[in-house]
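Engineer: Please find protein-v2.txt (compact mmCIF, C-alpha atoms) on the next line:
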```txt
# COMPACT_ATOMS: atom_id res chain seq x y z
CA MET A 1 97.67 -32.48 186.48
CA ARG A 2 97.09 -28.96 187.16
CA GLY A 3 96.63 -29.38 190.88
CA ALA A 4 94.05 -32.10 190.40
CA LEU A 5 95.34 -34.33 193.24
CA GLY A 6 95.03 -31.55 195.81
CA ALA A 7 91.65 -30.52 194.42
CA ALA A 8 90.43 -34.10 194.42
CA ALA A 9 91.48 -34.52 198.06
CA LEU A 10 89.61 -31.38 199.02
CA VAL A 11 86.53 -32.56 197.16
CA VAL A 12 86.62 -35.86 199.06
CA VAL A 13 86.63 -33.91 202.34
CA LEU A 14 83.78 -31.74 201.14
CA ALA A 15 81.76 -34.66 199.86
CA SER A 16 82.24 -36.51 203.14
CA ALA A 17 81.10 -33.52 205.11
CA ALA A 18 78.05 -33.23 202.90
CA CYS A 19 76.77 -36.67 203.74
CA GLY A 20 75.13 -35.42 206.93
CA ALA A 21 74.06 -32.05 205.59
CA GLN A 22 70.38 -31.32 205.02
CA PRO A 23 69.05 -28.97 202.34
CA THR A 24 68.22 -25.60 203.79
CA ALA A 25 64.57 -24.71 203.44
CA ALA A 26 63.69 -22.03 200.93
CA PRO A 27 63.69 -18.63 202.67
CA SER A 28 60.25 -17.27 203.49
CA ALA A 29 61.37 -13.67 203.74
CA PRO A 30 63.13 -11.50 201.14
CA PRO A 31 66.93 -11.77 201.32
CA SER A 32 68.52 -9.10 203.43
CA ALA A 33 71.88 -9.13 201.67
CA ARG A 34 72.09 -9.06 197.87
CA PRO A 35 74.75 -8.51 195.21
CA SER A 36 73.90 -6.64 192.04
CA ARG A 37 71.82 -9.06 189.94
CA SER A 38 72.84 -10.28 186.52
CA ALA A 39 69.94 -10.20 184.09
CA SER A 40 71.10 -13.48 182.52
CA ALA A 41 71.76 -15.33 185.80
CA ILE A 42 70.08 -18.71 186.28
CA ALA A 43 67.46 -18.57 189.03
CA TRP A 44 68.12 -20.31 192.33
CA LEU A 45 65.90 -23.25 193.25
CA PRO A 46 66.03 -25.25 196.52
CA LEU A 47 66.63 -28.52 194.67
CA PRO A 48 67.41 -31.43 197.03
CA ALA A 49 70.90 -32.86 196.65
CA ALA A 50 70.92 -35.87 194.33
CA HIS A 51 74.04 -37.36 196.00
CA ARG A 52 75.63 -38.28 192.68
CA TYR A 53 79.33 -37.59 192.18
CA PRO A 54 80.32 -37.52 188.49
CA PRO A 55 83.88 -38.91 188.11
CA ALA A 56 86.48 -37.57 185.73
CA PRO A 57 86.82 -39.67 182.57
CA THR A 58 89.91 -41.87 182.61
CA PRO A 59 91.61 -42.78 179.32
CA PRO A 60 91.85 -46.53 178.71
CA ALA A 61 95.04 -48.07 180.08
CA ILE A 62 96.34 -49.22 176.71
CA PRO A 63 100.12 -49.68 176.71
CA ARG A 64 101.23 -47.57 173.79
CA PRO A 65 104.01 -45.00 173.38
CA PRO A 66 102.81 -41.60 174.61
CA ILE A 67 105.21 -40.03 172.08
CA PRO A 68 104.72 -41.70 168.68
CA VAL A 69 107.86 -43.34 167.33
CA PRO A 70 108.49 -42.61 163.63
CA PRO A 71 109.12 -45.66 161.45
CA ALA A 72 112.75 -46.68 161.04
CA THR A 73 113.86 -44.86 164.21
CA PRO A 74 117.11 -46.57 165.25
CA ALA A 75 117.66 -48.20 168.63
CA CYS A 76 119.52 -46.04 171.13
CA GLN A 77 123.23 -46.72 171.47
CA ALA A 78 125.12 -46.27 174.72
CA GLY A 79 127.45 -43.75 173.12
CA GLN A 80 124.63 -41.27 172.48
CA LEU A 81 123.07 -41.52 175.96
CA GLU A 82 123.84 -40.28 179.45
CA GLY A 83 122.22 -41.26 182.71
CA ALA A 84 121.83 -40.04 186.27
CA SER A 85 120.22 -40.98 189.54
CA ALA A 86 116.87 -39.22 189.89
CA GLY A 87 116.70 -39.15 193.69
CA GLU A 88 114.90 -41.48 196.03
CA GLY A 89 111.34 -42.22 197.09
CA ALA A 90 109.96 -44.49 199.80
CA ALA A 91 106.61 -46.09 200.64
CA THR A 92 105.62 -48.80 203.15
CA GLY A 93 109.13 -50.16 203.58
CA HIS A 94 110.02 -49.97 199.88
CA VAL A 95 112.66 -47.60 198.49
CA ASN A 96 112.81 -46.46 194.86
CA MET A 97 116.08 -45.23 193.34
CA PRO A 98 114.99 -44.31 189.80
CA ILE A 99 117.43 -43.79 186.95
CA VAL A 100 116.82 -41.24 184.19
CA LEU A 101 118.38 -41.44 180.70
CA ARG A 102 118.86 -38.59 178.24
CA ASN A 103 119.74 -38.48 174.56
CA ARG A 104 122.80 -36.26 174.17
CA GLY A 105 123.10 -36.94 170.46
CA ALA A 106 121.73 -35.03 167.48
CA ALA A 107 119.15 -37.59 166.30
CA ALA A 108 116.22 -39.30 167.96
CA CYS A 109 116.45 -42.94 168.97
CA VAL A 110 114.22 -45.52 170.65
CA LEU A 111 114.46 -47.72 173.75
CA ALA A 112 112.10 -50.59 174.54
CA GLY A 113 112.15 -53.17 177.31
CA TRP A 114 114.50 -53.96 180.17
CA ALA A 115 118.20 -53.30 180.56
CA ASP A 116 120.38 -55.80 182.41
CA LEU A 117 122.02 -54.17 185.41
CA ARG A 118 125.13 -54.42 187.57
CA ILE A 119 125.79 -52.22 190.59
CA LEU A 120 129.50 -51.64 191.26
CA ASP A 121 131.40 -50.14 194.17
CA GLY A 122 134.28 -47.70 193.81
CA HIS A 123 136.72 -50.57 193.18
CA GLY A 124 134.66 -52.08 190.39
CA GLN A 125 133.39 -54.97 192.49
CA VAL A 126 129.86 -56.17 191.76
CA LEU A 127 127.51 -55.46 194.68
CA ALA A 128 124.32 -56.64 192.98
CA ALA A 129 123.03 -57.62 189.55
CA ALA A 130 119.72 -57.88 187.73
CA VAL A 131 119.84 -60.03 184.63
CA GLY A 132 117.13 -61.81 182.67
CA THR A 133 113.53 -62.00 183.85
CA ALA A 134 113.92 -62.64 187.59
CA ASN A 135 112.66 -59.86 189.91
CA ARG A 136 111.29 -57.78 187.05
CA GLY A 137 108.77 -55.23 188.27
CA THR A 138 108.90 -53.07 191.39
CA PHE A 139 106.53 -52.15 194.20
CA PHE A 140 106.17 -48.77 192.54
CA VAL A 141 104.01 -48.01 189.51
CA ASP A 142 105.95 -49.33 186.53
CA TRP A 143 104.97 -48.70 182.94
CA PRO A 144 104.35 -51.79 180.81
CA LYS A 145 106.86 -52.37 178.06
CA VAL A 146 106.46 -49.70 175.36
CA ALA A 147 108.75 -48.06 172.83
CA VAL A 148 110.27 -44.88 174.33
CA LEU A 149 111.33 -42.16 171.90
CA LEU A 150 114.38 -40.29 173.21
CA THR A 151 114.52 -36.92 171.53
CA PRO A 152 117.59 -34.68 171.35
CA ASN A 153 117.89 -31.34 173.14
CA THR A 154 115.93 -32.24 176.26
CA PRO A 155 116.86 -30.42 179.52
CA PRO A 156 120.12 -31.45 181.22
CA LEU A 157 120.01 -34.21 183.81
CA PRO A 158 120.09 -33.25 187.51
CA ALA A 159 123.55 -32.41 188.76
CA ARG A 160 122.82 -34.26 192.00
CA PRO A 161 120.22 -36.84 193.06
CA GLY A 162 117.13 -35.47 194.72
CA SER A 163 117.47 -31.99 193.22
CA GLY A 164 113.68 -31.81 192.89
CA ARG A 165 113.74 -31.51 189.10
CA PRO A 166 111.61 -34.28 187.55
CA PRO A 167 112.69 -36.01 184.34
CA SER A 168 111.45 -34.35 181.15
CA ARG A 169 109.34 -35.73 178.34
CA GLY A 170 111.61 -37.12 175.66
CA GLN A 171 113.74 -38.84 178.30
CA ALA A 172 113.49 -42.33 179.79
CA VAL A 173 113.15 -43.36 183.42
CA MET A 174 113.56 -46.71 185.17
CA ASN A 175 112.38 -47.66 188.65
CA LEU A 176 115.02 -49.46 190.74
CA GLU A 177 114.88 -51.12 194.16
CA TRP A 178 118.18 -52.25 195.71
CA TYR A 179 118.30 -53.80 199.17
CA ASP A 180 121.24 -55.08 201.14
CA CYS A 181 121.30 -55.48 204.94
CA ARG A 182 124.98 -54.47 204.94
CA GLN A 183 124.10 -51.23 203.10
CA PRO A 184 127.25 -51.06 200.96
CA GLN A 185 128.16 -47.91 199.09
CA ALA A 186 127.82 -48.01 195.29
CA ALA A 187 129.60 -45.84 192.74
CA VAL A 188 128.42 -46.93 189.28
CA LEU A 189 125.38 -48.56 187.69
CA VAL A 190 126.22 -50.47 184.52
CA MET A 191 123.32 -50.93 182.08
CA ASP A 192 123.35 -53.33 179.14
CA LEU A 193 120.80 -51.67 176.87
CA PRO A 194 118.16 -53.67 174.97
CA ALA A 195 118.33 -54.30 171.23
CA GLY A 196 122.12 -54.50 171.30
CA GLY A 197 122.49 -50.89 172.36
CA GLY A 198 125.73 -51.51 174.22
CA ARG A 199 126.87 -50.80 177.77
CA LEU A 200 126.14 -47.54 179.54
CA ARG A 201 127.78 -46.48 182.81
CA VAL A 202 125.69 -44.25 185.05
CA PRO A 203 127.05 -42.48 188.17
CA PHE A 204 125.32 -44.11 191.16
CA ASP A 205 126.56 -42.64 194.42
CA ARG A 206 124.06 -44.43 196.66
CA LYS A 207 123.90 -46.82 199.57
CA ALA A 208 121.76 -49.91 199.39
CA ALA A 209 118.41 -49.53 201.15
CA TYR A 210 117.77 -51.31 204.42
CA SER A 211 114.81 -53.63 204.11
CA PRO A 212 112.49 -54.41 207.08
CA VAL A 213 113.28 -58.05 206.27
CA CYS A 214 116.73 -57.37 207.70
CA ASP A 215 115.18 -57.21 211.19
CA ASN A 216 113.86 -60.77 210.95
CA PRO A 217 115.84 -63.70 212.39
CA GLY A 218 117.57 -65.97 209.95
CA PRO A 219 119.57 -65.26 206.78
CA LYS A 220 119.83 -61.60 205.77
CA PRO A 221 119.21 -60.63 202.14
CA ALA A 222 122.18 -59.18 200.31
CA GLY A 223 122.28 -57.61 196.88
CA THR A 224 118.57 -57.91 196.03
CA VAL A 225 117.48 -55.88 192.99
CA ALA A 226 114.06 -55.33 191.45
CA TRP A 227 113.69 -53.08 188.45
CA GLY A 228 111.17 -51.85 185.93
CA PRO A 229 111.33 -51.42 182.16
CA LEU A 230 112.73 -48.34 180.47
CA SER A 231 109.70 -46.05 180.49
CA PRO A 232 108.66 -42.67 179.04
CA ALA A 233 109.47 -39.89 181.50
CA GLY A 234 106.88 -37.24 182.25
CA PHE A 235 103.83 -39.41 181.57
CA PRO A 236 101.80 -41.04 184.36
CA TRP A 237 100.83 -44.67 184.34
CA PRO A 238 98.06 -45.64 184.39
CA PRO A 239 96.82 -42.62 182.41
CA ALA A 240 95.54 -39.83 184.63
CA PRO A 241 91.91 -38.70 184.45
CA HIS A 242 91.19 -35.65 182.33
CA TYR A 243 90.04 -32.82 184.59
CA LEU A 244 88.16 -29.91 183.05
CA ASP A 245 89.55 -26.42 183.56
CA VAL A 246 86.40 -24.75 184.83
CA ARG A 247 86.85 -21.69 187.05
CA VAL A 248 84.47 -21.08 189.93
CA GLY A 249 83.93 -17.47 191.01
CA ILE A 250 81.81 -15.93 193.79
CA HIS A 251 80.20 -12.48 193.84
CA ALA A 252 78.75 -11.91 197.31
CA PRO A 253 77.90 -8.99 199.63
CA ALA A 254 80.56 -8.03 202.13
CA SER A 255 78.35 -8.65 205.18
CA VAL A 256 75.18 -10.35 206.39
CA ARG A 257 73.29 -10.67 209.69
CA PRO A 258 72.79 -13.93 211.60
CA GLY A 259 69.40 -15.38 210.73
CA ALA A 260 69.21 -13.48 207.43
CA THR A 261 69.34 -14.96 203.94
CA LEU A 262 72.44 -14.25 201.90
CA ALA A 263 71.78 -13.78 198.18
CA TYR A 264 74.89 -14.07 196.02
CA GLN A 265 76.07 -15.33 192.64
CA VAL A 266 78.37 -18.10 191.46
CA THR A 267 79.90 -17.99 187.98
CA LEU A 268 81.27 -21.03 186.19
CA THR A 269 83.74 -20.18 183.40
CA ASN A 270 84.82 -22.94 181.03
CA ARG A 271 88.49 -22.38 180.20
CA ASP A 272 88.93 -25.88 178.80
CA HIS A 273 89.01 -27.02 175.17
CA GLY A 274 85.99 -29.25 175.63
CA SER A 275 82.41 -28.60 176.58
CA TYR A 276 81.38 -28.94 180.24
CA ARG A 277 78.18 -30.97 180.11
CA LEU A 278 75.98 -30.53 183.17
CA ASP A 279 74.64 -34.05 182.86
CA PRO A 280 74.35 -35.36 185.47
CA CYS A 281 73.69 -32.07 187.22
CA PRO A 282 76.09 -31.92 190.20
CA ASP A 283 75.36 -31.03 193.80
CA TYR A 284 77.07 -28.21 195.65
CA ASN A 285 77.87 -27.51 199.29
CA GLU A 286 77.89 -24.16 201.06
CA PHE A 287 80.18 -23.65 204.03
CA LEU A 288 80.90 -20.95 206.58
CA GLY A 289 84.04 -20.50 208.64
CA ARG A 290 85.79 -23.76 209.41
CA LYS A 291 84.26 -25.69 206.53
CA ASP A 292 81.12 -26.69 208.42
CA VAL A 293 78.44 -27.56 205.87
CA VAL A 294 75.54 -25.14 206.15
CA ALA A 295 73.54 -26.32 203.14
CA SER A 296 73.70 -28.82 200.28
CA TYR A 297 71.68 -28.57 197.06
CA GLN A 298 71.66 -29.67 193.46
CA LEU A 299 72.60 -27.02 190.92
CA ASN A 300 69.75 -25.71 188.76
CA CYS A 301 71.23 -27.01 185.50
CA GLN A 302 68.07 -27.48 183.45
CA PRO A 303 68.22 -24.04 181.78
CA VAL A 304 71.87 -24.59 180.79
CA GLY A 305 72.62 -28.15 179.69
CA ALA A 306 76.28 -27.48 178.86
CA ILE A 307 78.89 -24.71 179.09
CA ALA A 308 80.85 -24.36 175.86
CA PRO A 309 84.59 -23.55 175.79
CA GLY A 310 85.10 -19.88 176.63
CA GLN A 311 81.54 -19.49 177.90
CA ARG A 312 80.57 -18.42 181.42
CA VAL A 313 77.27 -19.00 183.22
CA THR A 314 76.12 -17.25 186.41
CA PHE A 315 73.85 -18.91 188.92
CA GLN A 316 71.86 -17.10 191.60
CA MET A 317 72.42 -18.51 195.10
CA GLN A 318 70.65 -18.16 198.43
CA LEU A 319 71.93 -19.26 201.81
CA ALA A 320 70.08 -18.98 205.12
CA ILE A 321 72.68 -17.88 207.67
CA PRO A 322 72.15 -19.78 210.94
CA SER A 323 70.99 -17.52 213.74
CA THR A 324 73.72 -19.00 215.95
CA THR A 325 76.54 -17.79 213.68
CA ALA A 326 78.97 -15.64 215.65
CA THR A 327 79.52 -12.06 214.52
CA GLY A 328 82.87 -11.06 213.08
CA PRO A 329 85.04 -12.03 210.11
CA ASN A 330 83.99 -15.22 208.37
CA ARG A 331 84.33 -16.89 205.00
CA LEU A 332 81.86 -18.23 202.47
CA ILE A 333 82.97 -21.41 200.70
CA TRP A 334 81.11 -22.81 197.69
CA ALA A 335 82.07 -26.27 196.43
CA LEU A 336 80.78 -28.05 193.35
CA LEU A 337 80.70 -31.80 194.02
CA ASP A 338 81.87 -32.79 190.57
CA GLY A 339 84.91 -35.01 190.07
CA ARG A 340 85.29 -33.79 186.49
CA ILE A 341 86.47 -30.32 187.59
CA ALA A 342 90.13 -29.60 188.40
CA THR A 343 89.40 -26.91 191.01
CA PRO A 344 85.72 -26.99 192.00
CA VAL A 345 85.95 -24.67 195.03
CA ALA A 346 85.76 -20.90 195.48
CA THR A 347 85.78 -18.71 198.59
CA ALA A 348 84.80 -15.14 199.45
CA PRO A 349 85.35 -13.08 202.63
CA LEU A 350 82.18 -12.44 204.59
CA THR A 351 81.57 -10.45 207.74
CA ILE A 352 78.76 -11.50 210.09
CA THR A 353 77.40 -8.29 211.57
CA ASP A 354 74.66 -7.44 214.08
CA ARG A 355 73.65 -4.35 212.08
```
Take the structure in this file and express it as structure tokens.

Structural biologist:
Amino acid sequence: MRGALGAAALVVVLASAACGAQPTAAPSAPPSARPSRSASAIAWLPLPAAHRYPPAPTPPAIPRPPIPVPPATPACQAGQLEGASAGEGAATGHVNMPIVLRNRGAAACVLAGWADLRILDGHGQVLAAAVGTANRGTFFVDWPKVAVLLTPNTPPLPARPGSGRPPSRGQAVMNLEWYDCRQPQAAVLVMDLPAGGGRLRVPFDRKAAYSPVCDNPGPKPAGTVAWGPLSPAGFPWPPAPHYLDVRVGIHAPASVRPGATLAYQVTLTNRDHGSYRLDPCPDYNEFLGRKDVVASYQLNCQPVGAIAPGQRVTFQMQLAIPSTTATGPNRLIWALLDGRIATPVATAPLTITDR
């Protein structure tokens, strides 16, 4: 998502810090530190923060194939597929051991639904099985049942589990939880594919996960399996929000005195395919040093309305530097409080000087 999760987390921190911030009063004296002005820059106004946070639009969670399946595409057969363990993930006592499938044939095919499973040890003995409708669905985010187009010539499967290489689009992935208090060692996962696709053997060099339930008195669970449907790899579910690729840039003087007003510019460049509509007009926070909010305002959007793809707009900014700010190296941080933007933060070095 182009770094959207990290950016969103940072925005939450910034927005939380802004809750107690008060708009800085408009400076009564001419700014003592200025960049070179842009003739087309939007004037700065001390507009009070509106405390509205526009969210990114989220596509509707309609279960449909993310890769369209051409009519008459045949069901995948075991002989044209290969599978591998895709590592391991854990959360709140649950352990996921996903399986990824790849089409090694020359023609596309389609998978849809659940495969029946058997987990075997090195001697071919059944350690656990998942057949029918019992225990369908895992603790982890499973796709609903959709048709999955497996295309030829996708990247090779990982040579070893947990190699850090995620499954590729055009492949299929299946969430799998296997718990056994004895933690036996498995060797093979046998999958009976849907739509009469036959039996596929997947290397499965894993030990059963140890469930917290095993610490309870009474009978210990053995050979418990929960699994999800065969799902399209490389696509999130539910659909991820669409974040706009809007770059934030700062042009500021290199230094400013405590108690002075810093005049600088912020440029928003729309690098996305869609227009960035400044409606509602977002707030912004200004920080110094360790991300302490110095001021919070609403952007002066009225002269702009929207930023078209490829267009850039520069806004004049003013920030009253607190007289208590220590001299020395510092940092100016400007953050647009807009959940529609992938990376709404920019920084610039700033030296606080007594001259």

Engineer: Within 12 Å of (109.8, -43.8, 161.2) in the file's own coordinates, which protein, DNA or RNA residues have an atom, counting all atoms listed in the file? List them as a PyMOL selection string.

Structural biologist: chain A and resi 68-75+108-110+149

Engineer: Tell me, in Å to one decimal, how far CA of His123 in chain A is from CA of Gly223 in chain A.

Structural biologist: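 We find that CA of His123 in chain A and CA of Gly223 in chain A lie 16.5 Å from each other.
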
Engineer: Write out as a ChimeraX atom specification the residues lying within 8 Å of Lys145 in chain A, counting all atoms listed in the file and excluding same-chain residues fewer than 5 positions away.

Structural biologist: /A:63,112-113,229-231

Engineer: Would you mind telling me which residue in A:Gly83, A:Gly198, A:Pro322, A:Pro203 lies nearest to Gly259 in chain A when using only C-alpha atoms?

Structural biologist: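 Nearest candidate to Gly259 in chain A out of A:Gly83, A:Gly198, A:Pro322, A:Pro203: A:Pro322.
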
Engineer: For range 129-224 of chain A versus range 117-121 of chain A, which residues have an atom no more than 6 Å away, and what is each residue's nearest atom pair and distance in Å rounded to one decimal, using only C-alpha atoms, chain-then-number order, as a tab-separated table?

Structural biologist:
```
residue	atom	partner	partner_atom	distance
A:Ala129	CA	A:Arg118	CA	4.3
A:Ala130	CA	A:Leu117	CA	4.9
A:Ala186	CA	A:Asp121	CA	4.3
A:Ala187	CA	A:Asp121	CA	4.9
A:Val188	CA	A:Leu120	CA	5.2
A:Leu189	CA	A:Ile119	CA	4.7
A:Val190	CA	A:Arg118	CA	5.1
A:Met191	CA	A:Leu117	CA	4.8
```

Engineer: Please, could you write that set of residues out with C-alpha atoms as a tab-separated table (two decimals), in the coordinates of the input?

Structural biologist:
```
chain	number	residue	atom	x	y	z
A	129	ALA	CA	123.03	-57.62	189.55
A	130	ALA	CA	119.72	-57.88	187.73
A	186	ALA	CA	127.82	-48.01	195.29
A	187	ALA	CA	129.60	-45.84	192.74
A	188	VAL	CA	128.42	-46.93	189.28
A	189	LEU	CA	125.38	-48.56	187.69
A	190	VAL	CA	126.22	-50.47	184.52
A	191	MET	CA	123.32	-50.93	182.08
```

Engineer: Kindly indicate which residue among A:Gln265, A:Asn270, A:Thr151, A:Gln185 lies nearest to Thr343 in chain A, using all atoms listed in the file for the distances.

Structural biologist: A:Asn270

Engineer: Which one is closest to Ser296 in chain A: A:Leu127, A:Met317, A:Arg169, A:Pro239? Count all atoms listed in the file.

Structural biologist: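 Ranking A:Leu127, A:Met317, A:Arg169, A:Pro239 by distance to Ser296 in chain A, first place goes to A:Met317.
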
Engineer: In the coordinate frame of the file, compute which residues have an atom within 6 Å of (119.7, -53.1, 204.9) when using all atoms listed in the file, and state them as a PyMOL selection string.

Structural biologist: chain A and resi 179-183+209-211+214

Engineer: Could you turn the residues from that selection into a file that holds C-alpha atoms, as a PDB file, keeping the file's coordinate frame?

Structural biologist:
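Written file, part29.pdb:
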```
ATOM      1  CA  TYR A 179     118.300 -53.800 199.170  1.00  0.00           C
ATOM      2  CA  ASP A 180     121.240 -55.080 201.140  1.00  0.00           C
ATOM      3  CA  CYS A 181     121.300 -55.480 204.940  1.00  0.00           C
ATOM      4  CA  ARG A 182     124.980 -54.470 204.940  1.00  0.00           C
ATOM      5  CA  GLN A 183     124.100 -51.230 203.100  1.00  0.00           C
ATOM      6  CA  ALA A 209     118.410 -49.530 201.150  1.00  0.00           C
ATOM      7  CA  TYR A 210     117.770 -51.310 204.420  1.00  0.00           C
ATOM      8  CA  SER A 211     114.810 -53.630 204.110  1.00  0.00           C
ATOM      9  CA  CYS A 214     116.730 -57.370 207.700  1.00  0.00           C
TER      10      CYS A 214
END
```

Engineer: Using all atoms listed in the file, can you tell me which of A:Pro184, A:Pro236, A:Gly87, A:Gly339 comes closest to Trp143 in chain A?

Structural biologist: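 Closest to Trp143 in chain A of all the choices is A:Pro236.
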
Engineer: Using all atoms listed in the file, which of A:Trp114, A:Tyr243, A:Tyr53, A:Phe287 sits nearest Met174 in chain A?

Structural biologist: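 Of A:Trp114, A:Tyr243, A:Tyr53, A:Phe287, the one nearest Met174 in chain A, counting all atoms listed in the file, is A:Trp114.
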
Engineer: Calculate how many Å separate CA of Pro253 in chain A from CA of Leu299 in chain A, rounding to one decimal.

Structural biologist: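 Result for CA of Pro253 in chain A versus CA of Leu299 in chain A: 20.7 Å, one decimal.
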
Engineer: Rank nothing, just name the residue among A:Pro219, A:Gly305, A:Gly122, A:Pro166 nearest to Phe204 in chain A, using only C-alpha atoms.

Structural biologist: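 The shortest atom-to-atom distance to Phe204 in chain A comes from A:Gly122.
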
Engineer: Excluding Arg257 in chain A and residues on its chain fewer than 3 positions from it, collect all residues at most 7 Å away from it, counting all atoms listed in the file, and give them as a PDB file with C-alpha atoms, keeping the file's coordinate frame.

Structural biologist:
```
ATOM      1  CA  ALA A 260      69.210 -13.480 207.430  1.00  0.00           C
ATOM      2  CA  ILE A 352      78.760 -11.500 210.090  1.00  0.00           C
ATOM      3  CA  THR A 353      77.400  -8.290 211.570  1.00  0.00           C
ATOM      4  CA  ASP A 354      74.660  -7.440 214.080  1.00  0.00           C
ATOM      5  CA  ARG A 355      73.650  -4.350 212.080  1.00  0.00           C
TER       6      ARG A 355
END
```

Engineer: Neighbouring residues of range 281-285 of chain A were defined as those with any atom within 10 Å, considering all atoms listed in the file; residues of the same chain fewer than 2 positions away were excluded. Please report them as a JSON list (two decimals) with C-alpha atoms, in the coordinates of the input.

Structural biologist:
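The resulting file, out-v2.json, is reproduced below:
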```
[["chain", "number", "residue", "atom", "x", "y", "z"],
["A", 14, "LEU", "CA", 83.78, -31.74, 201.14],
["A", 15, "ALA", "CA", 81.76, -34.66, 199.86],
["A", 17, "ALA", "CA", 81.10, -33.52, 205.11],
["A", 18, "ALA", "CA", 78.05, -33.23, 202.90],
["A", 21, "ALA", "CA", 74.06, -32.05, 205.59],
["A", 23, "PRO", "CA", 69.05, -28.97, 202.34],
["A", 47, "LEU", "CA", 66.63, -28.52, 194.67],
["A", 48, "PRO", "CA", 67.41, -31.43, 197.03],
["A", 49, "ALA", "CA", 70.90, -32.86, 196.65],
["A", 50, "ALA", "CA", 70.92, -35.87, 194.33],
["A", 51, "HIS", "CA", 74.04, -37.36, 196.00],
["A", 52, "ARG", "CA", 75.63, -38.28, 192.68],
["A", 53, "TYR", "CA", 79.33, -37.59, 192.18],
["A", 54, "PRO", "CA", 80.32, -37.52, 188.49],
["A", 277, "ARG", "CA", 78.18, -30.97, 180.11],
["A", 278, "LEU", "CA", 75.98, -30.53, 183.17],
["A", 279, "ASP", "CA", 74.64, -34.05, 182.86],
["A", 287, "PHE", "CA", 80.18, -23.65, 204.03],
["A", 291, "LYS", "CA", 84.26, -25.69, 206.53],
["A", 292, "ASP", "CA", 81.12, -26.69, 208.42],
["A", 293, "VAL", "CA", 78.44, -27.56, 205.87],
["A", 294, "VAL", "CA", 75.54, -25.14, 206.15],
["A", 295, "ALA", "CA", 73.54, -26.32, 203.14],
["A", 296, "SER", "CA", 73.70, -28.82, 200.28],
["A", 297, "TYR", "CA", 71.68, -28.57, 197.06],
["A", 298, "GLN", "CA", 71.66, -29.67, 193.46],
["A", 299, "LEU", "CA", 72.60, -27.02, 190.92],
["A", 300, "ASN", "CA", 69.75, -25.71, 188.76],
["A", 301, "CYS", "CA", 71.23, -27.01, 185.50],
["A", 302, "GLN", "CA", 68.07, -27.48, 183.45],
["A", 305, "GLY", "CA", 72.62, -28.15, 179.69],
["A", 306, "ALA", "CA", 76.28, -27.48, 178.86],
["A", 333, "ILE", "CA", 82.97, -21.41, 200.70],
["A", 334, "TRP", "CA", 81.11, -22.81, 197.69],
["A", 335, "ALA", "CA", 82.07, -26.27, 196.43],
["A", 336, "LEU", "CA", 80.78, -28.05, 193.35],
["A", 337, "LEU", "CA", 80.70, -31.80, 194.02],
["A", 338, "ASP", "CA", 81.87, -32.79, 190.57],
["A", 339, "GLY", "CA", 84.91, -35.01, 190.07],
["A", 344, "PRO", "CA", 85.72, -26.99, 192.00],
["A", 345, "VAL", "CA", 85.95, -24.67, 195.03]]
```

Engineer: Could you tell me how far CA of Ser85 in chain A sits from CA of Pro65 in chain A, in Å to one decimal place?

Structural biologist: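 According to the coordinates, CA of Pro65 in chain A and CA of Ser85 in chain A are separated by 23.2 Å.
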
Engineer: Within 8 Å of Gln77 in chain A, counting all atoms listed in the file, which residues show up once you throw out same-chain ones fewer than 3 positions away? Write them as a list in words, please.

Structural biologist: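 Selected residues are Gln80, Leu81, Leu193, Gly196, Gly197 and Gly198 of chain A.
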
Engineer: Which residues, written as a list in words, have at least one atom at most 8 Å from Arg136 in chain A, with only C-alpha atoms counted and residues fewer than 3 positions away on the same chain left out?

Structural biologist: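 So, after excluding close chain neighbours, the residues are Thr133, Ala226, Trp227 and Gly228 of chain A.
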
Engineer: Step by step, gather every atom of range 110-122 of chain A that the file lists, find the box along x, y and z that holds them, add 6 Å on each side, and finally give centre and edge lengths in Å to one decimal, as JSON.

Structural biologist:
```
{"center_x": 123.2, "center_y": -50.7, "center_z": 182.4, "size_x": 34.2, "size_y": 22.3, "size_z": 35.5}
```

Engineer: With N, CA and C atoms as the goal, would you fill in the gaps in range 216-222 of chain A and present it as a short mmCIF file (atom, residue, chain, number, x, y, z; two decimals), keeping the file's coordinate frame?

Structural biologist:
```cif
data_model
loop_
_atom_site.label_atom_id
_atom_site.label_comp_id
_atom_site.auth_asym_id
_atom_site.auth_seq_id
_atom_site.Cartn_x
_atom_site.Cartn_y
_atom_site.Cartn_z
N ASN A 216 114.36 -59.44 210.64
CA ASN A 216 113.86 -60.77 210.95
C ASN A 216 115.02 -61.70 211.29
N PRO A 217 114.78 -62.70 212.14
CA PRO A 217 115.84 -63.70 212.39
C PRO A 217 116.09 -64.53 211.15
N GLY A 218 117.25 -65.13 211.09
CA GLY A 218 117.57 -65.97 209.95
C GLY A 218 118.48 -65.26 208.96
N PRO A 219 118.66 -65.84 207.78
CA PRO A 219 119.57 -65.26 206.78
C PRO A 219 119.13 -63.85 206.37
N LYS A 220 120.11 -62.99 206.14
CA LYS A 220 119.83 -61.60 205.77
C LYS A 220 120.02 -61.44 204.25
N PRO A 221 119.07 -60.82 203.60
CA PRO A 221 119.21 -60.63 202.14
C PRO A 221 120.36 -59.69 201.81
N ALA A 222 121.07 -60.01 200.75
CA ALA A 222 122.18 -59.18 200.31
C ALA A 222 122.12 -59.06 198.79
#
```
